[in-house]
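J.: Just my_file-v1.cif, nothing more (mmCIF, C-alpha atoms and all ligand atoms):
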data_query
loop_
_atom_site.label_atom_id
_atom_site.label_comp_id
_atom_site.auth_asym_id
_atom_site.auth_seq_id
_atom_site.Cartn_x
_atom_site.Cartn_y
_atom_site.Cartn_z
CA MET H 1 9.64 -19.04 3.59
CA LYS H 2 9.76 -19.31 7.35
CA LYS H 3 6.37 -20.47 8.65
CA ASN H 4 6.92 -21.57 12.18
CA GLY H 5 8.34 -18.56 14.00
CA PRO H 6 6.83 -17.55 17.32
CA GLU H 7 5.19 -14.51 15.72
CA LEU H 8 3.43 -16.70 13.19
CA ALA H 9 2.26 -19.13 15.84
CA GLU H 10 0.93 -16.27 17.89
CA ALA H 11 -0.81 -14.78 14.87
CA ARG H 12 -2.51 -18.10 14.15
CA ARG H 13 -3.54 -18.51 17.74
CA ILE H 14 -5.27 -15.15 17.63
CA GLU H 15 -6.46 -16.02 14.11
CA TYR H 16 -8.30 -13.34 12.27
CA LEU H 17 -10.39 -11.81 14.99
CA PRO H 18 -11.18 -8.24 14.01
CA GLY H 19 -9.79 -5.59 16.25
CA ILE H 20 -6.85 -7.49 17.64
CA SER H 21 -4.12 -5.33 18.97
CA THR H 22 -1.08 -6.30 16.92
CA SER H 23 1.18 -4.76 19.53
CA THR H 24 0.55 -8.00 21.45
CA LEU H 25 2.13 -9.91 18.58
CA GLY H 26 5.45 -8.09 18.73
CA GLY H 27 8.46 -8.95 16.56
CA LEU H 28 7.82 -9.11 12.87
CA MET H 29 4.12 -8.45 13.29
CA SER H 30 4.65 -5.17 15.09
CA ASN H 31 4.41 -3.01 11.99
CA LEU H 32 1.02 -4.51 11.15
CA HIS H 33 -1.91 -2.29 12.12
CA ILE H 34 -5.40 -3.79 12.01
CA LEU H 35 -8.05 -1.16 11.33
CA ASP H 36 -10.97 -2.34 13.38
CA HIS H 37 -13.58 0.36 12.79
CA PRO H 38 -17.01 -1.35 12.77
CA LEU H 39 -17.82 -0.10 9.26
CA ILE H 40 -14.54 -1.49 7.93
CA GLN H 41 -15.18 -4.86 9.56
CA SER H 42 -18.78 -5.18 8.39
CA LYS H 43 -17.93 -4.22 4.80
CA LEU H 44 -15.10 -6.73 4.83
CA THR H 45 -17.56 -9.46 5.80
CA HIS H 46 -19.68 -8.63 2.74
CA LEU H 47 -16.55 -8.74 0.58
CA ARG H 48 -15.68 -12.19 1.90
CA ASN H 49 -19.15 -13.49 1.04
CA VAL H 50 -18.98 -15.64 -2.11
CA GLU H 51 -22.54 -14.47 -2.96
CA THR H 52 -21.48 -10.81 -3.31
CA PRO H 53 -21.62 -10.03 -7.05
CA ASN H 54 -18.83 -8.19 -8.86
CA HIS H 55 -20.61 -4.83 -9.02
CA ASN H 56 -21.29 -4.82 -5.25
CA PHE H 57 -17.77 -6.06 -4.57
CA ARG H 58 -16.31 -3.07 -6.44
CA LEU H 59 -18.53 -0.60 -4.60
CA LEU H 60 -17.83 -2.09 -1.17
CA LEU H 61 -14.09 -2.19 -1.83
CA GLU H 62 -14.11 1.49 -2.77
CA GLU H 63 -16.12 2.45 0.34
CA LEU H 64 -14.00 0.33 2.65
CA THR H 65 -10.79 1.78 1.21
CA ALA H 66 -12.04 5.30 1.94
CA PHE H 67 -12.63 4.41 5.60
CA MET H 68 -9.15 2.92 5.82
CA VAL H 69 -7.55 5.98 4.23
CA TYR H 70 -9.35 8.20 6.70
CA GLU H 71 -7.57 6.25 9.48
CA ILE H 72 -4.08 6.07 7.96
CA THR H 73 -3.87 9.78 7.09
CA ARG H 74 -4.60 10.79 10.70
CA ASN H 75 -1.02 11.96 11.37
CA TYR H 76 -0.30 13.69 8.06
CA ALA H 77 1.33 17.11 8.41
CA LEU H 78 -0.75 20.26 7.98
CA ARG H 79 0.21 23.83 7.21
CA GLU H 80 -1.69 27.02 7.84
CA VAL H 81 -3.12 29.03 4.96
CA GLU H 82 -5.17 32.18 4.84
CA VAL H 83 -8.69 31.83 3.53
CA GLU H 84 -11.39 34.36 2.76
CA THR H 85 -14.77 33.26 4.10
CA PRO H 86 -17.91 35.11 2.90
CA LEU H 87 -17.54 37.22 6.08
CA GLU H 88 -13.83 37.73 6.80
CA ARG H 89 -10.29 36.55 6.36
CA THR H 90 -9.13 33.68 8.60
CA VAL H 91 -6.49 30.99 8.88
CA GLY H 92 -7.22 27.39 7.97
CA LYS H 93 -5.15 24.24 7.53
CA ILE H 94 -4.40 22.10 4.49
CA LEU H 95 -2.28 18.99 3.90
CA ASP H 96 1.40 19.86 3.83
CA VAL H 97 2.64 16.74 2.07
CA PRO H 98 2.21 15.60 -1.53
CA VAL H 99 0.54 12.21 -1.68
CA VAL H 100 1.39 9.59 -4.28
CA LEU H 101 -0.96 6.66 -4.56
CA VAL H 102 0.36 3.47 -6.14
CA PRO H 103 -2.01 0.59 -6.89
CA ILE H 104 -0.47 -2.77 -7.77
CA LEU H 105 -2.15 -3.90 -11.01
CA ARG H 106 -4.68 -5.36 -11.34
CA ALA H 107 -6.50 -5.69 -8.04
CA GLY H 108 -5.01 -2.55 -6.48
CA THR H 109 -6.94 -0.43 -8.98
CA GLY H 110 -10.11 -1.51 -7.17
CA MET H 111 -8.92 0.64 -4.26
CA LEU H 112 -7.89 3.66 -6.37
CA HIS H 113 -11.07 5.72 -6.18
CA GLY H 114 -11.57 4.97 -2.50
CA VAL H 115 -8.34 6.88 -1.86
CA LEU H 116 -8.90 9.58 -4.50
CA ASN H 117 -12.35 10.36 -3.12
CA LEU H 118 -10.68 11.49 0.11
CA VAL H 119 -7.34 12.77 -1.25
CA PRO H 120 -8.27 14.10 -4.69
CA THR H 121 -4.94 15.91 -5.15
CA ALA H 122 -2.95 12.66 -4.93
CA LYS H 123 -0.79 11.79 -7.92
CA VAL H 124 -1.14 8.22 -9.13
CA GLY H 125 1.62 5.80 -10.11
CA HIS H 126 1.07 2.25 -11.34
CA ILE H 127 3.09 -0.89 -10.72
CA GLY H 128 2.22 -4.00 -12.71
CA ILE H 129 3.03 -7.26 -10.94
CA TYR H 130 1.37 -10.64 -11.17
CA ARG H 131 2.09 -13.75 -9.22
CA ASP H 132 3.28 -16.76 -11.20
CA PRO H 133 0.63 -19.37 -10.35
CA LYS H 134 3.20 -22.23 -10.14
CA THR H 135 6.14 -20.65 -8.36
CA LEU H 136 4.09 -17.92 -6.56
CA GLN H 137 6.98 -15.57 -7.39
CA PRO H 138 6.13 -11.98 -8.38
CA VAL H 139 6.56 -11.09 -12.06
CA GLU H 140 7.00 -7.36 -12.73
CA TYR H 141 5.68 -6.04 -16.05
CA TYR H 142 5.07 -2.29 -15.65
CA ALA H 143 6.08 0.68 -13.53
CA LYS H 144 5.24 4.35 -14.05
CA LEU H 145 5.63 6.63 -11.06
CA PRO H 146 5.18 10.42 -10.73
CA PRO H 147 8.20 12.73 -10.25
CA GLU H 148 6.97 13.84 -6.79
CA LEU H 149 7.86 10.38 -5.43
CA PRO H 150 10.99 11.30 -3.37
CA GLU H 151 9.26 13.99 -1.30
CA ALA H 152 5.82 12.37 -1.23
CA GLN H 153 3.96 10.29 1.28
CA VAL H 154 3.38 7.14 -0.79
CA ILE H 155 0.34 4.93 -0.24
CA LEU H 156 0.82 1.53 -1.89
CA VAL H 157 -2.49 -0.34 -2.28
CA ASP H 158 -3.34 -3.96 -3.01
CA PRO H 159 -6.22 -5.87 -1.41
CA MET H 160 -4.21 -9.03 -0.68
CA LEU H 161 -0.94 -9.64 1.20
CA ALA H 162 -0.48 -13.39 0.71
CA THR H 163 3.12 -14.66 0.40
CA GLY H 164 4.22 -11.02 0.43
CA GLY H 165 6.21 -11.36 -2.79
CA SER H 166 4.21 -8.80 -4.79
CA ALA H 167 4.16 -6.14 -2.07
CA VAL H 168 7.89 -6.57 -1.34
CA ALA H 169 8.71 -6.23 -5.06
CA ALA H 170 6.49 -3.13 -5.35
CA VAL H 171 8.21 -1.39 -2.43
CA ASP H 172 11.60 -2.36 -3.91
CA ILE H 173 10.60 -0.52 -7.10
CA ILE H 174 9.28 2.51 -5.20
CA LYS H 175 12.49 2.76 -3.14
CA LYS H 176 14.72 2.34 -6.22
CA ARG H 177 12.86 5.29 -7.82
CA GLY H 178 13.53 7.43 -4.73
CA GLY H 179 10.39 6.88 -2.64
CA ARG H 180 11.15 7.18 1.08
CA LYS H 181 7.94 7.43 3.08
CA VAL H 182 5.70 4.49 2.23
CA GLN H 183 2.54 3.07 3.81
CA PHE H 184 1.16 -0.24 2.55
CA LEU H 185 -2.62 -0.54 2.63
CA CYS H 186 -4.29 -3.90 2.08
CA LEU H 187 -7.54 -5.56 3.09
CA VAL H 188 -6.55 -9.04 4.12
CA ALA H 189 -3.09 -10.14 5.26
CA ALA H 190 -1.71 -13.63 5.83
CA PRO H 191 0.81 -14.14 8.66
CA GLU H 192 3.33 -15.46 6.12
CA GLY H 193 3.06 -12.27 4.05
CA VAL H 194 3.32 -9.97 7.05
CA GLU H 195 6.46 -11.75 8.17
CA THR H 196 8.12 -11.68 4.73
CA PHE H 197 7.17 -8.05 4.13
CA SER H 198 8.32 -6.91 7.57
CA ARG H 199 11.69 -8.62 7.11
CA ALA H 200 12.23 -6.96 3.71
CA HIS H 201 10.84 -3.52 4.61
CA PRO H 202 10.79 -3.10 8.38
CA SER H 203 10.23 0.65 8.14
CA VAL H 204 7.05 0.37 6.05
CA PRO H 205 3.86 0.07 8.11
CA ILE H 206 1.20 -2.37 6.93
CA TYR H 207 -2.45 -1.43 7.42
CA ALA H 208 -5.03 -4.20 6.99
CA ALA H 209 -8.66 -4.84 7.83
CA ALA H 210 -7.87 -8.41 8.92
CA LEU H 211 -5.04 -10.77 9.68
CA ASP H 212 -6.25 -14.13 8.39
CA ARG H 213 -5.25 -17.62 9.42
CA GLN H 214 -2.88 -18.98 6.78
CA LEU H 215 -2.18 -19.68 3.11
CA ASN H 216 -3.41 -22.81 1.35
CA GLU H 217 -1.16 -24.95 -0.88
CA HIS H 218 -1.88 -22.63 -3.85
CA GLY H 219 -0.91 -19.50 -1.95
CA TYR H 220 -4.49 -18.33 -1.38
CA ILE H 221 -5.40 -16.72 1.92
CA LEU H 222 -7.70 -18.69 4.26
CA PRO H 223 -10.42 -17.76 4.91
CA GLY H 224 -9.67 -14.77 2.65
CA LEU H 225 -12.03 -13.53 -0.03
CA GLY H 226 -10.80 -15.50 -3.05
CA ASP H 227 -8.93 -14.01 -6.00
CA ALA H 228 -9.37 -10.27 -5.52
CA GLY H 229 -8.74 -9.38 -9.18
CA ASP H 230 -11.29 -11.94 -10.39
CA ARG H 231 -13.89 -10.74 -7.91
CA ILE H 232 -13.39 -7.08 -8.88
CA PHE H 233 -13.34 -7.60 -12.63
CA GLY H 234 -15.50 -10.71 -13.05
CA THR H 235 -12.78 -12.74 -14.77
C1 LIG Q 1 -2.91 -10.87 -6.28
C2 LIG Q 1 -3.06 -9.70 -5.33
C3 LIG Q 1 -1.63 -9.36 -5.02
C4 LIG Q 1 -0.96 -10.71 -5.03
C5 LIG Q 1 -0.72 -11.14 -3.61
O1 LIG Q 1 -2.58 -10.46 -7.54
O2 LIG Q 1 -3.78 -8.64 -5.90
O3 LIG Q 1 -1.02 -8.50 -5.97
O4 LIG Q 1 -1.87 -11.63 -5.66
O5 LIG Q 1 -0.02 -12.32 -3.57
P1 LIG Q 1 1.44 -12.43 -2.94
O6 LIG Q 1 1.42 -11.71 -1.65
O7 LIG Q 1 1.61 -13.93 -2.76
O8 LIG Q 1 2.42 -11.87 -3.92
P2 LIG Q 1 -2.44 -11.49 -8.76
O9 LIG Q 1 -1.05 -12.04 -8.82
O10 LIG Q 1 -3.54 -12.49 -8.69
O11 LIG Q 1 -2.55 -10.56 -10.02
P3 LIG Q 1 -3.82 -9.77 -10.59
O12 LIG Q 1 -4.11 -8.63 -9.63
O13 LIG Q 1 -3.33 -9.27 -11.89
O14 LIG Q 1 -4.98 -10.72 -10.68
N1 LIG Q 2 -4.17 -13.18 -4.33
C1 LIG Q 2 -5.52 -13.10 -4.21
O1 LIG Q 2 -6.18 -12.40 -4.98
N2 LIG Q 2 -6.11 -13.79 -3.22
C2 LIG Q 2 -5.42 -14.56 -2.35
O2 LIG Q 2 -6.03 -15.17 -1.47
C3 LIG Q 2 -4.03 -14.63 -2.50
C4 LIG Q 2 -3.43 -13.92 -3.49
#
Take the structure in the file and give it back as structure tokens.

T.:
Amino acid sequence: MKKNGPELAEARRIEYLPGISTSTLGGLMSNLHILDHPLIQSKLTHLRNVETPNHNFRLLLEELTAFMVYEITRNYALREVEVETPLERTVGKILDVPVVLVPILRAGTGMLHGVLNLVPTAKVGHIGIYRDPKTLQPVEYYAKLPPELPEAQVILVDPMLATGGSAVAAVDIIKKRGGRKVQFLCLVAAPEGVETFSRAHPSVPIYAAALDRQLNEHGYILPGLGDAGDRIFGT
């Protein structure tokens, strides 16, 4: 894993300040979009707090995900439909693209209802991947994806982009099954993961609430929020 490229150095210099404009990072960081809405940033701070108990963590993660989805769906296509109000017939607009939501098991499921609350018609696929704790390599164990995948706007969700191995493997699976338009939504990204992901899937935008400083020797994001799955499920 390349760790000393100019993009990485620049990312570390800027560290994890909320609201940075990633366009200033250029290169492999340019498909990273930091969502800096104040409500996203303040909820993220509560998620980082080691004192936040599991039940609050789950609730905050769901709320924060909804705010992020609101931002990333901004450019989705609409089509006009006729609608009968109590007073007369008029023309309104509805989403013109099927949405497929794919959480990476386990921790991605903590973001599921945050998306579904805003896009209730989304179909849901599941990809099971865990990271081998010694090698940090992704291990795939499950994949079930809806048939709408090829024509859908796919939102892949996982709170953590660390080495990038899990997210890269998940997009590989989605593409092999015919998925074409993919957005990756996470909470916290490490520069190493952004770089690896952007090399493997340069056409897939990454949306995150924060770009953190670095990985530690066990592949955990610093400062991060710990093991997302453990914090969601209390394991
Ligand atoms: C976490 C996280 C990501 C992965 C990120 O999952 O939810 O899927 O690590 O790490 P990477 O970018 O280095 O691949 P974990 O492997 O802990 O599995 P879990 O969700 O089942 O706990
Ligand atoms: N997975 C997590 O849950 N947290 C990290 O910091 C890195 C990988």

J.: Give me the residues near Leu118 (chain H) as a PyMOL selection string, where near means some atom within 10 Å (using all atoms listed in the file) and where sequence neighbours in that chain fewer than 3 positions away do not count.

T.: chain H and resi 65-67+69-70+73+113-115+121-122

J.: With only C-alpha atoms as the counted atoms, please give the residues lying no more than 9 Å from region 135-141 of chain H, apart from itself and same-chain residues fewer than 4 positions off, as a list in words.

T.: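 The filter keeps Ile127, Gly128, Ile129, Tyr130, Arg131, Thr163, Gly165, Ser166, Ala167, Ala169, Ala170, His218 and Gly219 of chain H.
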
J.: Can I get the selected residues back with C-alpha atoms, as an mmCIF file, in the coordinates of the input?

T.:
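So the final result, stored in out25.cif, reads:
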data_model
loop_
_atom_site.group_PDB
_atom_site.id
_atom_site.type_symbol
_atom_site.label_atom_id
_atom_site.label_comp_id
_atom_site.auth_asym_id
_atom_site.auth_seq_id
_atom_site.Cartn_x
_atom_site.Cartn_y
_atom_site.Cartn_z
ATOM 1 C CA ILE H 127 3.090 -0.890 -10.720
ATOM 2 C CA GLY H 128 2.220 -4.000 -12.710
ATOM 3 C CA ILE H 129 3.030 -7.260 -10.940
ATOM 4 C CA TYR H 130 1.370 -10.640 -11.170
ATOM 5 C CA ARG H 131 2.090 -13.750 -9.220
ATOM 6 C CA THR H 163 3.120 -14.660 0.400
ATOM 7 C CA GLY H 165 6.210 -11.360 -2.790
ATOM 8 C CA SER H 166 4.210 -8.800 -4.790
ATOM 9 C CA ALA H 167 4.160 -6.140 -2.070
ATOM 10 C CA ALA H 169 8.710 -6.230 -5.060
ATOM 11 C CA ALA H 170 6.490 -3.130 -5.350
ATOM 12 C CA HIS H 218 -1.880 -22.630 -3.850
ATOM 13 C CA GLY H 219 -0.910 -19.500 -1.950
#

J.: Please return as JSON, numbers by chain the residues found within 12 Å of ligand LIG 2 (chain Q), counting all atoms listed in the file.

T.: {"H": [48, 104, 105, 106, 107, 108, 110, 129, 130, 131, 132, 133, 136, 137, 138, 158, 159, 160, 161, 162, 163, 164, 165, 166, 167, 186, 187, 188, 189, 190, 192, 193, 212, 213, 214, 215, 216, 217, 218, 219, 220, 221, 222, 223, 224, 225, 226, 227, 228, 229, 230, 231, 232, 233, 235]}

J.: Nearest residue to ligand LIG 1 (chain Q) out of H:Leu64, H:Ile174, H:Ala152, H:Leu185, using all atoms listed in the file?

T.: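 Ranked by minimum distance to ligand LIG 1 (chain Q), first place goes to H:Leu185.
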
J.: Find the spatial neighbours of region 90-102 of chain H, counting all atoms listed in the file, within a cut-off of 9 Å - ignore same-chain residues fewer than 6 positions away - and output them as a ChimeraX atom specification.

T.: /H:76-84,108-109,112,115-116,119,121-127,145-146,148-149,151-158

J.: For C-alpha atoms, I'd like the residues from the last selection saved as a PDB file, in the frame of the given file.

T.:
ATOM      1  CA  TYR H  76      -0.300  13.690   8.060  1.00  0.00           C
ATOM      2  CA  ALA H  77       1.330  17.110   8.410  1.00  0.00           C
ATOM      3  CA  LEU H  78      -0.750  20.260   7.980  1.00  0.00           C
ATOM      4  CA  ARG H  79       0.210  23.830   7.210  1.00  0.00           C
ATOM      5  CA  GLU H  80      -1.690  27.020   7.840  1.00  0.00           C
ATOM      6  CA  VAL H  81      -3.120  29.030   4.960  1.00  0.00           C
ATOM      7  CA  GLU H  82      -5.170  32.180   4.840  1.00  0.00           C
ATOM      8  CA  VAL H  83      -8.690  31.830   3.530  1.00  0.00           C
ATOM      9  CA  GLU H  84     -11.390  34.360   2.760  1.00  0.00           C
ATOM     10  CA  GLY H 108      -5.010  -2.550  -6.480  1.00  0.00           C
ATOM     11  CA  THR H 109      -6.940  -0.430  -8.980  1.00  0.00           C
ATOM     12  CA  LEU H 112      -7.890   3.660  -6.370  1.00  0.00           C
ATOM     13  CA  VAL H 115      -8.340   6.880  -1.860  1.00  0.00           C
ATOM     14  CA  LEU H 116      -8.900   9.580  -4.500  1.00  0.00           C
ATOM     15  CA  VAL H 119      -7.340  12.770  -1.250  1.00  0.00           C
ATOM     16  CA  THR H 121      -4.940  15.910  -5.150  1.00  0.00           C
ATOM     17  CA  ALA H 122      -2.950  12.660  -4.930  1.00  0.00           C
ATOM     18  CA  LYS H 123      -0.790  11.790  -7.920  1.00  0.00           C
ATOM     19  CA  VAL H 124      -1.140   8.220  -9.130  1.00  0.00           C
ATOM     20  CA  GLY H 125       1.620   5.800 -10.110  1.00  0.00           C
ATOM     21  CA  HIS H 126       1.070   2.250 -11.340  1.00  0.00           C
ATOM     22  CA  ILE H 127       3.090  -0.890 -10.720  1.00  0.00           C
ATOM     23  CA  LEU H 145       5.630   6.630 -11.060  1.00  0.00           C
ATOM     24  CA  PRO H 146       5.180  10.420 -10.730  1.00  0.00           C
ATOM     25  CA  GLU H 148       6.970  13.840  -6.790  1.00  0.00           C
ATOM     26  CA  LEU H 149       7.860  10.380  -5.430  1.00  0.00           C
ATOM     27  CA  GLU H 151       9.260  13.990  -1.300  1.00  0.00           C
ATOM     28  CA  ALA H 152       5.820  12.370  -1.230  1.00  0.00           C
ATOM     29  CA  GLN H 153       3.960  10.290   1.280  1.00  0.00           C
ATOM     30  CA  VAL H 154       3.380   7.140  -0.790  1.00  0.00           C
ATOM     31  CA  ILE H 155       0.340   4.930  -0.240  1.00  0.00           C
ATOM     32  CA  LEU H 156       0.820   1.530  -1.890  1.00  0.00           C
ATOM     33  CA  VAL H 157      -2.490  -0.340  -2.280  1.00  0.00           C
ATOM     34  CA  ASP H 158      -3.340  -3.960  -3.010  1.00  0.00           C
TER      35      ASP H 158
END

J.: Check the smallest atom-to-atom distance from each of H:Lys175, H:Lys144, H:Val168, H:Gln183 to ligand LIG 1 (chain Q) using all atoms listed in the file, then report the winner.

T.: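 The shortest atom-to-atom distance to ligand LIG 1 (chain Q) comes from H:Val168.
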
J.: State, in Å with one decimal place, the distance from CA of Arg177 (chain H) to CA of Pro150 (chain H).

T.: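 Value for the CA of Arg177 (chain H)-CA of Pro150 (chain H) distance: 7.7 Å.
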
J.: Smallest atom-to-atom distance to Ser203 (chain H): which of H:Val50, H:Pro86, H:Tyr142, H:Phe184, using all atoms listed in the file?

T.: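 Nearest to Ser203 (chain H): H:Phe184.
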
J.: Between H:Gly179, H:Pro202, H:Ala209, H:Pro103, single out the one closest to ligand LIG 1 (chain Q), counting only C-alpha atoms and all ligand atoms.

T.: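 Using only C-alpha atoms and all ligand atoms, the shortest distance to ligand LIG 1 (chain Q) belongs to H:Pro103.
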
J.: Just want the 8 Å neighbourhood of Leu47 (chain H), counted on only C-alpha atoms, with same-chain residues fewer than 3 positions away dropped. Output as a PyMOL selection string.

T.: chain H and resi 43-44+50+52+57+60-61+225

J.: Nearest residue to Met29 (chain H) out of H:Ile206, H:Glu51, H:Thr45, H:Asn56, using all atoms listed in the file?

T.: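 Closest candidate: H:Ile206.
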
J.: In Å, how far is it from atom O13 of ligand LIG 1 (chain Q) to CA of Ile173 (chain H)?

T.: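 Spanning atom O13 of ligand LIG 1 (chain Q) to CA of Ile173 (chain H) is a straight-line distance of 17.1 Å.
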
J.: Please, what is the axis-aligned box for every listed atom of ligand LIG 1 (chain Q) with 8 Å on each side, as centre and edge lengths in Å to one decimal, as AutoDock Vina command-line options?

T.:
--center_x -1.3 --center_y -11.2 --center_z -6.8 --size_x 23.4 --size_y 21.4 --size_z 26.2

J.: Under the rule that only C-alpha atoms and all ligand atoms are counted, which of H:Leu32, H:Val194, H:Ile40, H:Met68 is the nearest residue to ligand LIG 1 (chain Q)?

T.: H:Val194

J.: What does the distance between CA of Ala208 (chain H) and CA of Gln41 (chain H) come to in Å, to one decimal place?

T.: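 Interatomic distance here is 10.5 Å.
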